[in-house]
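Structure record follows, encoded as structure tokens.
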Amino acid sequence: MIQKGRLFVVGTPIGNLEDITIRALRILKEVEAIACEDTRQTIKLLNAYGIKKRLISYFHPKENQKLPEILALLNRGQDVALVSDAGTPGISDPGYPLIKEAINQGIQVIPIPGPSALTAALSAAGLPTHRVVFVGFPPSKKGSLKNFLSKLSEEEGTLVFFLPMRKIKNFLEVAREVFGSRKAVLARELTKIHEEFIRLTIDDLLSALPEEKMRGEATLLIEGK
């Protein structure tokens, strides 16, 4: 009977390419293939460390289309690494369907801990961390967003959201309606040259945002009730 391969869930840098663990590099060198969100992003990391591997594009919303190919490798006894464009797979990134199905088929799933915008932002935000509610990407439409945030209004833990910078202002306007002017921290460009933490109230943060649309994604933290 052929022994099944292992699926390694590998955390990769969220910006600074030096934020990769020695163990993660070893795994990426040893596996048969790497399932990645965007091959163009992953190749930059691999090239930086002289790693050449077969890449399998595995991205939302077409994750299920690639499942048979990846699972076939694993069931033939070959190891596969799962990575996302940045951070830890499955944390508001592709990965859950593959991880779930691998477990269902008796394939060993091994986490290779590494960078995450969630923990990076929390560690330096200055808000309480004894209780945290990770929300990920909230709804974008105003009505749905207001209803969504209202359900979190009594939560005592620090709330953590992922947001495109272009949507920050609209989000904060709705958040002010629901939460009032609580403390908030906007963490952007984490681990990059222009890394920035803006620690203000929701009101003051709205006033501090520039008029022009900012690019990229940010982590926004809002204090609990």
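Each chain of the structure tokens is named A, B, ... in the order shown, its residues numbered from 1; ligands are numbered from 1 in display order.
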Can you tell me, as a PDB file with C-alpha atoms, in the first residue's frame, which residues in region 67-171 of chain A count as strand (DSSP E) by DSSP?
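Dumped to result28.pdb:
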```
ATOM      1  CA  VAL A  80       2.753  19.236  -1.347  1.00  0.00           C
ATOM      2  CA  ALA A  81       3.214  22.676   0.199  1.00  0.00           C
ATOM      3  CA  LEU A  82       0.290  25.077   0.286  1.00  0.00           C
ATOM      4  CA  VAL A  83       1.099  28.804   0.284  1.00  0.00           C
ATOM      5  CA  GLN A 108      -1.593  14.365   7.205  1.00  0.00           C
ATOM      6  CA  VAL A 109      -1.823  18.171   7.337  1.00  0.00           C
ATOM      7  CA  ILE A 110       1.194  19.852   8.916  1.00  0.00           C
ATOM      8  CA  PRO A 111       1.303  23.583   9.775  1.00  0.00           C
ATOM      9  CA  ILE A 112       4.570  25.416   9.176  1.00  0.00           C
ATOM     10  CA  VAL A 132      -9.708  39.003  20.054  1.00  0.00           C
ATOM     11  CA  VAL A 133     -12.374  38.556  17.372  1.00  0.00           C
ATOM     12  CA  PHE A 134     -10.920  38.121  13.899  1.00  0.00           C
ATOM     13  CA  VAL A 135     -13.504  39.186  11.359  1.00  0.00           C
ATOM     14  CA  GLY A 136     -11.496  39.091   8.143  1.00  0.00           C
ATOM     15  CA  THR A 158     -10.635  43.707  20.109  1.00  0.00           C
ATOM     16  CA  LEU A 159     -12.102  43.463  16.604  1.00  0.00           C
ATOM     17  CA  VAL A 160      -9.729  42.820  13.710  1.00  0.00           C
ATOM     18  CA  PHE A 161     -10.679  43.446  10.084  1.00  0.00           C
ATOM     19  CA  PHE A 162      -8.879  43.082   6.748  1.00  0.00           C
ATOM     20  CA  LEU A 163      -9.752  45.863   4.295  1.00  0.00           C
ATOM     21  CA  PRO A 164      -8.567  47.263   0.972  1.00  0.00           C
TER      22      PRO A 164
END
```
Mind checking which residues fall within 10 Å of Leu206 (chain A), counting only C-alpha atoms, ignoring those fewer than 2 positions away in the same chain, and posting them as a PyMOL selection string? chain A and resi 168-173+176+200-204+208-210
Once you have the residues from the selection above, write them out as a JSON list (two decimals), in the first residue's frame, restricted to N, CA and C atoms.
```json
[["chain", "number", "residue", "atom", "x", "y", "z"],
["A", 168, "ILE", "N", -11.46, 51.88, 3.20],
["A", 168, "ILE", "CA", -11.30, 52.22, 4.62],
["A", 168, "ILE", "C", -12.25, 53.34, 5.04],
["A", 169, "LYS", "N", -12.31, 54.40, 4.26],
["A", 169, "LYS", "CA", -13.13, 55.56, 4.65],
["A", 169, "LYS", "C", -14.60, 55.19, 4.77],
["A", 170, "ASN", "N", -15.13, 54.51, 3.77],
["A", 170, "ASN", "CA", -16.53, 54.11, 3.82],
["A", 170, "ASN", "C", -16.81, 53.19, 5.00],
["A", 171, "PHE", "N", -15.86, 52.29, 5.27],
["A", 171, "PHE", "CA", -16.02, 51.37, 6.40],
["A", 171, "PHE", "C", -16.07, 52.14, 7.70],
["A", 172, "LEU", "N", -15.15, 53.09, 7.88],
["A", 172, "LEU", "CA", -15.08, 53.84, 9.13],
["A", 172, "LEU", "C", -16.32, 54.70, 9.35],
["A", 173, "GLU", "N", -16.90, 55.20, 8.29],
["A", 173, "GLU", "CA", -18.12, 56.00, 8.43],
["A", 173, "GLU", "C", -19.26, 55.16, 8.99],
["A", 176, "ARG", "N", -18.44, 54.20, 12.68],
["A", 176, "ARG", "CA", -18.73, 55.30, 13.63],
["A", 176, "ARG", "C", -20.20, 55.32, 14.00],
["A", 200, "LEU", "N", -5.60, 56.14, 16.64],
["A", 200, "LEU", "CA", -6.49, 57.26, 16.93],
["A", 200, "LEU", "C", -7.87, 56.73, 17.31],
["A", 201, "THR", "N", -8.83, 57.62, 17.46],
["A", 201, "THR", "CA", -10.22, 57.19, 17.57],
["A", 201, "THR", "C", -10.77, 57.04, 16.15],
["A", 202, "ILE", "N", -11.93, 56.41, 16.02],
["A", 202, "ILE", "CA", -12.54, 56.26, 14.69],
["A", 202, "ILE", "C", -12.76, 57.63, 14.07],
["A", 203, "ASP", "N", -13.25, 58.60, 14.85],
["A", 203, "ASP", "CA", -13.48, 59.97, 14.36],
["A", 203, "ASP", "C", -12.19, 60.59, 13.83],
["A", 204, "ASP", "N", -11.15, 60.54, 14.66],
["A", 204, "ASP", "CA", -9.89, 61.18, 14.28],
["A", 204, "ASP", "C", -9.22, 60.45, 13.12],
["A", 208, "ALA", "N", -7.95, 61.94, 9.57],
["A", 208, "ALA", "CA", -6.54, 61.84, 9.23],
["A", 208, "ALA", "C", -6.28, 61.20, 7.87],
["A", 209, "LEU", "N", -7.29, 60.50, 7.33],
["A", 209, "LEU", "CA", -7.08, 59.83, 6.05],
["A", 209, "LEU", "C", -6.95, 60.85, 4.92],
["A", 210, "PRO", "N", -6.00, 60.66, 4.03],
["A", 210, "PRO", "CA", -5.85, 61.57, 2.89],
["A", 210, "PRO", "C", -7.03, 61.46, 1.94]]
```
List as number ranges by chain the protein and nucleic acid residues near Asn64 (chain A), meaning an atom at most 9 Å away when only C-alpha atoms are counted, but skip any in the same chain fewer than 6 places from it. A: 58, 97-98
All helix (DSSP H, G or I) positions in region 57-221 of chain A, as a PyMOL selection string: chain A and resi 63-75+96-104+117-125+142-150+165-179+202-208
Would you output that residue set with C-alpha atoms, as a CSV table (one decimal), in the first residue's frame?
```csv
chain,number,residue,atom,x,y,z
A,63,GLU,CA,-10.1,26.2,-5.6
A,64,ASN,CA,-12.3,23.2,-6.2
A,65,GLN,CA,-11.2,22.8,-9.8
A,66,LYS,CA,-7.6,22.2,-8.6
A,67,LEU,CA,-8.5,19.8,-5.8
A,68,PRO,CA,-8.3,16.6,-7.8
A,69,GLU,CA,-4.8,17.4,-9.2
A,70,ILE,CA,-3.4,18.2,-5.8
A,71,LEU,CA,-5.1,15.4,-4.0
A,72,ALA,CA,-3.9,12.9,-6.6
A,73,LEU,CA,-0.3,13.9,-5.9
A,74,LEU,CA,-0.8,13.5,-2.1
A,75,ASN,CA,-2.5,10.1,-2.6
A,96,TYR,CA,-9.8,25.7,3.5
A,97,PRO,CA,-11.3,23.4,0.9
A,98,LEU,CA,-8.0,21.7,0.3
A,99,ILE,CA,-7.2,21.3,3.9
A,100,LYS,CA,-10.7,20.0,4.7
A,101,GLU,CA,-10.6,17.4,1.9
A,102,ALA,CA,-7.1,16.3,2.7
A,103,ILE,CA,-8.2,15.6,6.3
A,104,ASN,CA,-11.2,13.7,5.0
A,117,ALA,CA,-1.0,40.2,9.2
A,118,LEU,CA,-3.4,39.4,12.0
A,119,THR,CA,-0.7,38.6,14.6
A,120,ALA,CA,1.7,41.2,13.3
A,121,ALA,CA,-0.9,44.0,13.7
A,122,LEU,CA,-2.1,42.8,17.1
A,123,SER,CA,1.4,42.6,18.5
A,124,ALA,CA,2.1,46.3,18.0
A,125,ALA,CA,-1.3,47.9,17.9
A,142,LYS,CA,-23.4,49.8,3.3
A,143,GLY,CA,-26.6,48.0,4.4
A,144,SER,CA,-25.0,44.6,4.8
A,145,LEU,CA,-22.0,46.2,6.5
A,146,LYS,CA,-24.1,48.1,9.1
A,147,ASN,CA,-26.1,44.9,9.9
A,148,PHE,CA,-22.8,42.9,10.2
A,149,LEU,CA,-21.2,45.4,12.5
A,150,SER,CA,-24.3,45.8,14.6
A,165,MET,CA,-7.3,50.8,1.6
A,166,ARG,CA,-9.7,52.2,-1.0
A,167,LYS,CA,-12.6,51.0,1.3
A,168,ILE,CA,-11.3,52.2,4.6
A,169,LYS,CA,-13.1,55.6,4.6
A,170,ASN,CA,-16.5,54.1,3.8
A,171,PHE,CA,-16.0,51.4,6.4
A,172,LEU,CA,-15.1,53.8,9.1
A,173,GLU,CA,-18.1,56.0,8.4
A,174,VAL,CA,-20.4,53.0,9.0
A,175,ALA,CA,-18.3,51.9,12.0
A,176,ARG,CA,-18.7,55.3,13.6
A,177,GLU,CA,-22.5,55.0,13.3
A,178,VAL,CA,-22.5,51.6,15.0
A,179,PHE,CA,-19.6,51.8,17.5
A,202,ILE,CA,-12.5,56.3,14.7
A,203,ASP,CA,-13.5,60.0,14.4
A,204,ASP,CA,-9.9,61.2,14.3
A,205,LEU,CA,-8.8,58.4,12.0
A,206,LEU,CA,-11.5,59.5,9.5
A,207,SER,CA,-10.1,63.0,9.6
A,208,ALA,CA,-6.5,61.8,9.2
```
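Here the question is which of A:Pro139, A:Gly180, A:Gly216, A:Gly126 gets nearest to Ile198 (chain A) using only C-alpha atoms, and that residue is A:Gly126.
Minimum atom-to-atom distance to Ile27 (chain A), evaluated using only C-alpha atoms, belongs to A:Pro113 out of A:Ile91, A:Gln41, A:Pro113, A:Glu217.
For the set A:Lys29, A:Arg215, A:Arg182, A:Lys4, the residue with the smallest atom-to-atom gap to Gly106 (chain A) is A:Lys4, counting only C-alpha atoms.
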Near-Val31 (chain A) list (12 Å; only C-alpha atoms; drop same-chain fewer than 2 positions) as an NGL selection string: :A and (5-10 or 24-29 or 33-35 or 51-55 or 73-74 or 77-82)
Write to file, as a PDB file, in the first residue's frame, the residues of the selection just made, with C-alpha atoms.
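Saved the output as out.pdb:
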```
ATOM      1  CA  GLY A   5       2.010  12.280   1.054  1.00  0.00           C
ATOM      2  CA  ARG A   6       1.787  15.165   3.481  1.00  0.00           C
ATOM      3  CA  LEU A   7       0.205  18.562   2.989  1.00  0.00           C
ATOM      4  CA  PHE A   8       2.301  21.352   4.500  1.00  0.00           C
ATOM      5  CA  VAL A   9       0.492  24.630   5.230  1.00  0.00           C
ATOM      6  CA  VAL A  10       3.333  27.128   4.930  1.00  0.00           C
ATOM      7  CA  ALA A  24       9.621  26.883   5.698  1.00  0.00           C
ATOM      8  CA  LEU A  25      12.510  27.172   3.234  1.00  0.00           C
ATOM      9  CA  ARG A  26      13.492  23.552   3.838  1.00  0.00           C
ATOM     10  CA  ILE A  27       9.935  22.353   3.257  1.00  0.00           C
ATOM     11  CA  LEU A  28       9.588  24.374   0.043  1.00  0.00           C
ATOM     12  CA  LYS A  29      12.801  22.759  -1.230  1.00  0.00           C
ATOM     13  CA  ALA A  33       4.954  20.655  -5.725  1.00  0.00           C
ATOM     14  CA  ILE A  34       3.722  23.947  -4.317  1.00  0.00           C
ATOM     15  CA  ALA A  35       0.050  24.893  -4.509  1.00  0.00           C
ATOM     16  CA  ILE A  51      14.222  27.319  -5.196  1.00  0.00           C
ATOM     17  CA  LYS A  52      12.827  25.679  -8.339  1.00  0.00           C
ATOM     18  CA  LYS A  53       9.580  23.742  -7.952  1.00  0.00           C
ATOM     19  CA  ARG A  54       6.489  22.724  -9.832  1.00  0.00           C
ATOM     20  CA  LEU A  55       3.786  25.301  -9.095  1.00  0.00           C
ATOM     21  CA  LEU A  73      -0.291  13.903  -5.860  1.00  0.00           C
ATOM     22  CA  LEU A  74      -0.838  13.489  -2.143  1.00  0.00           C
ATOM     23  CA  GLY A  77       2.704   9.578  -1.743  1.00  0.00           C
ATOM     24  CA  GLN A  78       4.079  12.953  -2.842  1.00  0.00           C
ATOM     25  CA  ASP A  79       4.347  15.878  -0.441  1.00  0.00           C
ATOM     26  CA  VAL A  80       2.753  19.236  -1.347  1.00  0.00           C
ATOM     27  CA  ALA A  81       3.214  22.676   0.199  1.00  0.00           C
ATOM     28  CA  LEU A  82       0.290  25.077   0.286  1.00  0.00           C
TER      29      LEU A  82
END
```
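Using only C-alpha atoms, the smallest distance between any of A:Leu152, A:Leu127, A:Cys36, A:Leu190 and Asn16 (chain A) comes from A:Leu190.
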Shell around Pro94 (chain A) at 7 Å using only C-alpha atoms, local window under 3 positions removed, as a compact mmCIF listing (two decimals) with N, CA and C atoms, in the first residue's frame:
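out19.txt, freshly written:
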```
# COMPACT_ATOMS: atom_id res chain seq x y z
N GLU A 37 -1.45 30.60 -4.48
CA GLU A 37 -2.55 31.48 -4.87
C GLU A 37 -2.28 32.12 -6.23
N PHE A 59 -6.39 29.17 -6.47
CA PHE A 59 -6.88 30.48 -6.05
C PHE A 59 -8.41 30.49 -5.95
N HIS A 60 -8.91 31.42 -5.15
CA HIS A 60 -10.35 31.63 -5.00
C HIS A 60 -10.85 32.43 -6.22
N SER A 84 -0.04 30.94 0.27
CA SER A 84 -0.87 31.99 -0.30
C SER A 84 0.06 33.10 -0.78
N PRO A 89 -1.87 30.53 4.81
CA PRO A 89 -3.02 30.04 4.03
C PRO A 89 -4.22 29.75 4.92
N GLY A 90 -5.41 30.01 4.39
CA GLY A 90 -6.63 29.73 5.13
C GLY A 90 -7.09 30.86 6.03
```
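When only C-alpha atoms are used to compute distances to Asp38 (chain A), the closest of the residues A:Met1, A:Ala86, A:Ile14, A:Ala184 turns out to be A:Ala86.
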Quick one: everything within 6 Å of Pro115 (chain A), counting only C-alpha atoms, minus sequence neighbours fewer than 2 positions away in the same chain. Send it as a short mmCIF file (atom, residue, chain, number, x, y, z; two decimals) with N, CA and C atoms, in the first residue's frame.
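Produced file selection.cif, reproduced below:
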```cif
data_model
loop_
_atom_site.label_atom_id
_atom_site.label_comp_id
_atom_site.auth_asym_id
_atom_site.auth_seq_id
_atom_site.Cartn_x
_atom_site.Cartn_y
_atom_site.Cartn_z
N GLY A 11 3.39 29.26 6.06
CA GLY A 11 3.28 30.71 6.16
C GLY A 11 4.44 31.37 5.41
N THR A 12 4.12 32.36 4.58
CA THR A 12 5.15 33.07 3.81
C THR A 12 5.08 34.57 4.10
N PRO A 13 6.13 35.32 3.76
CA PRO A 13 6.19 36.75 4.10
C PRO A 13 4.98 37.56 3.63
N GLY A 87 1.39 35.67 3.94
CA GLY A 87 0.86 35.24 5.23
C GLY A 87 0.54 33.76 5.29
#
```
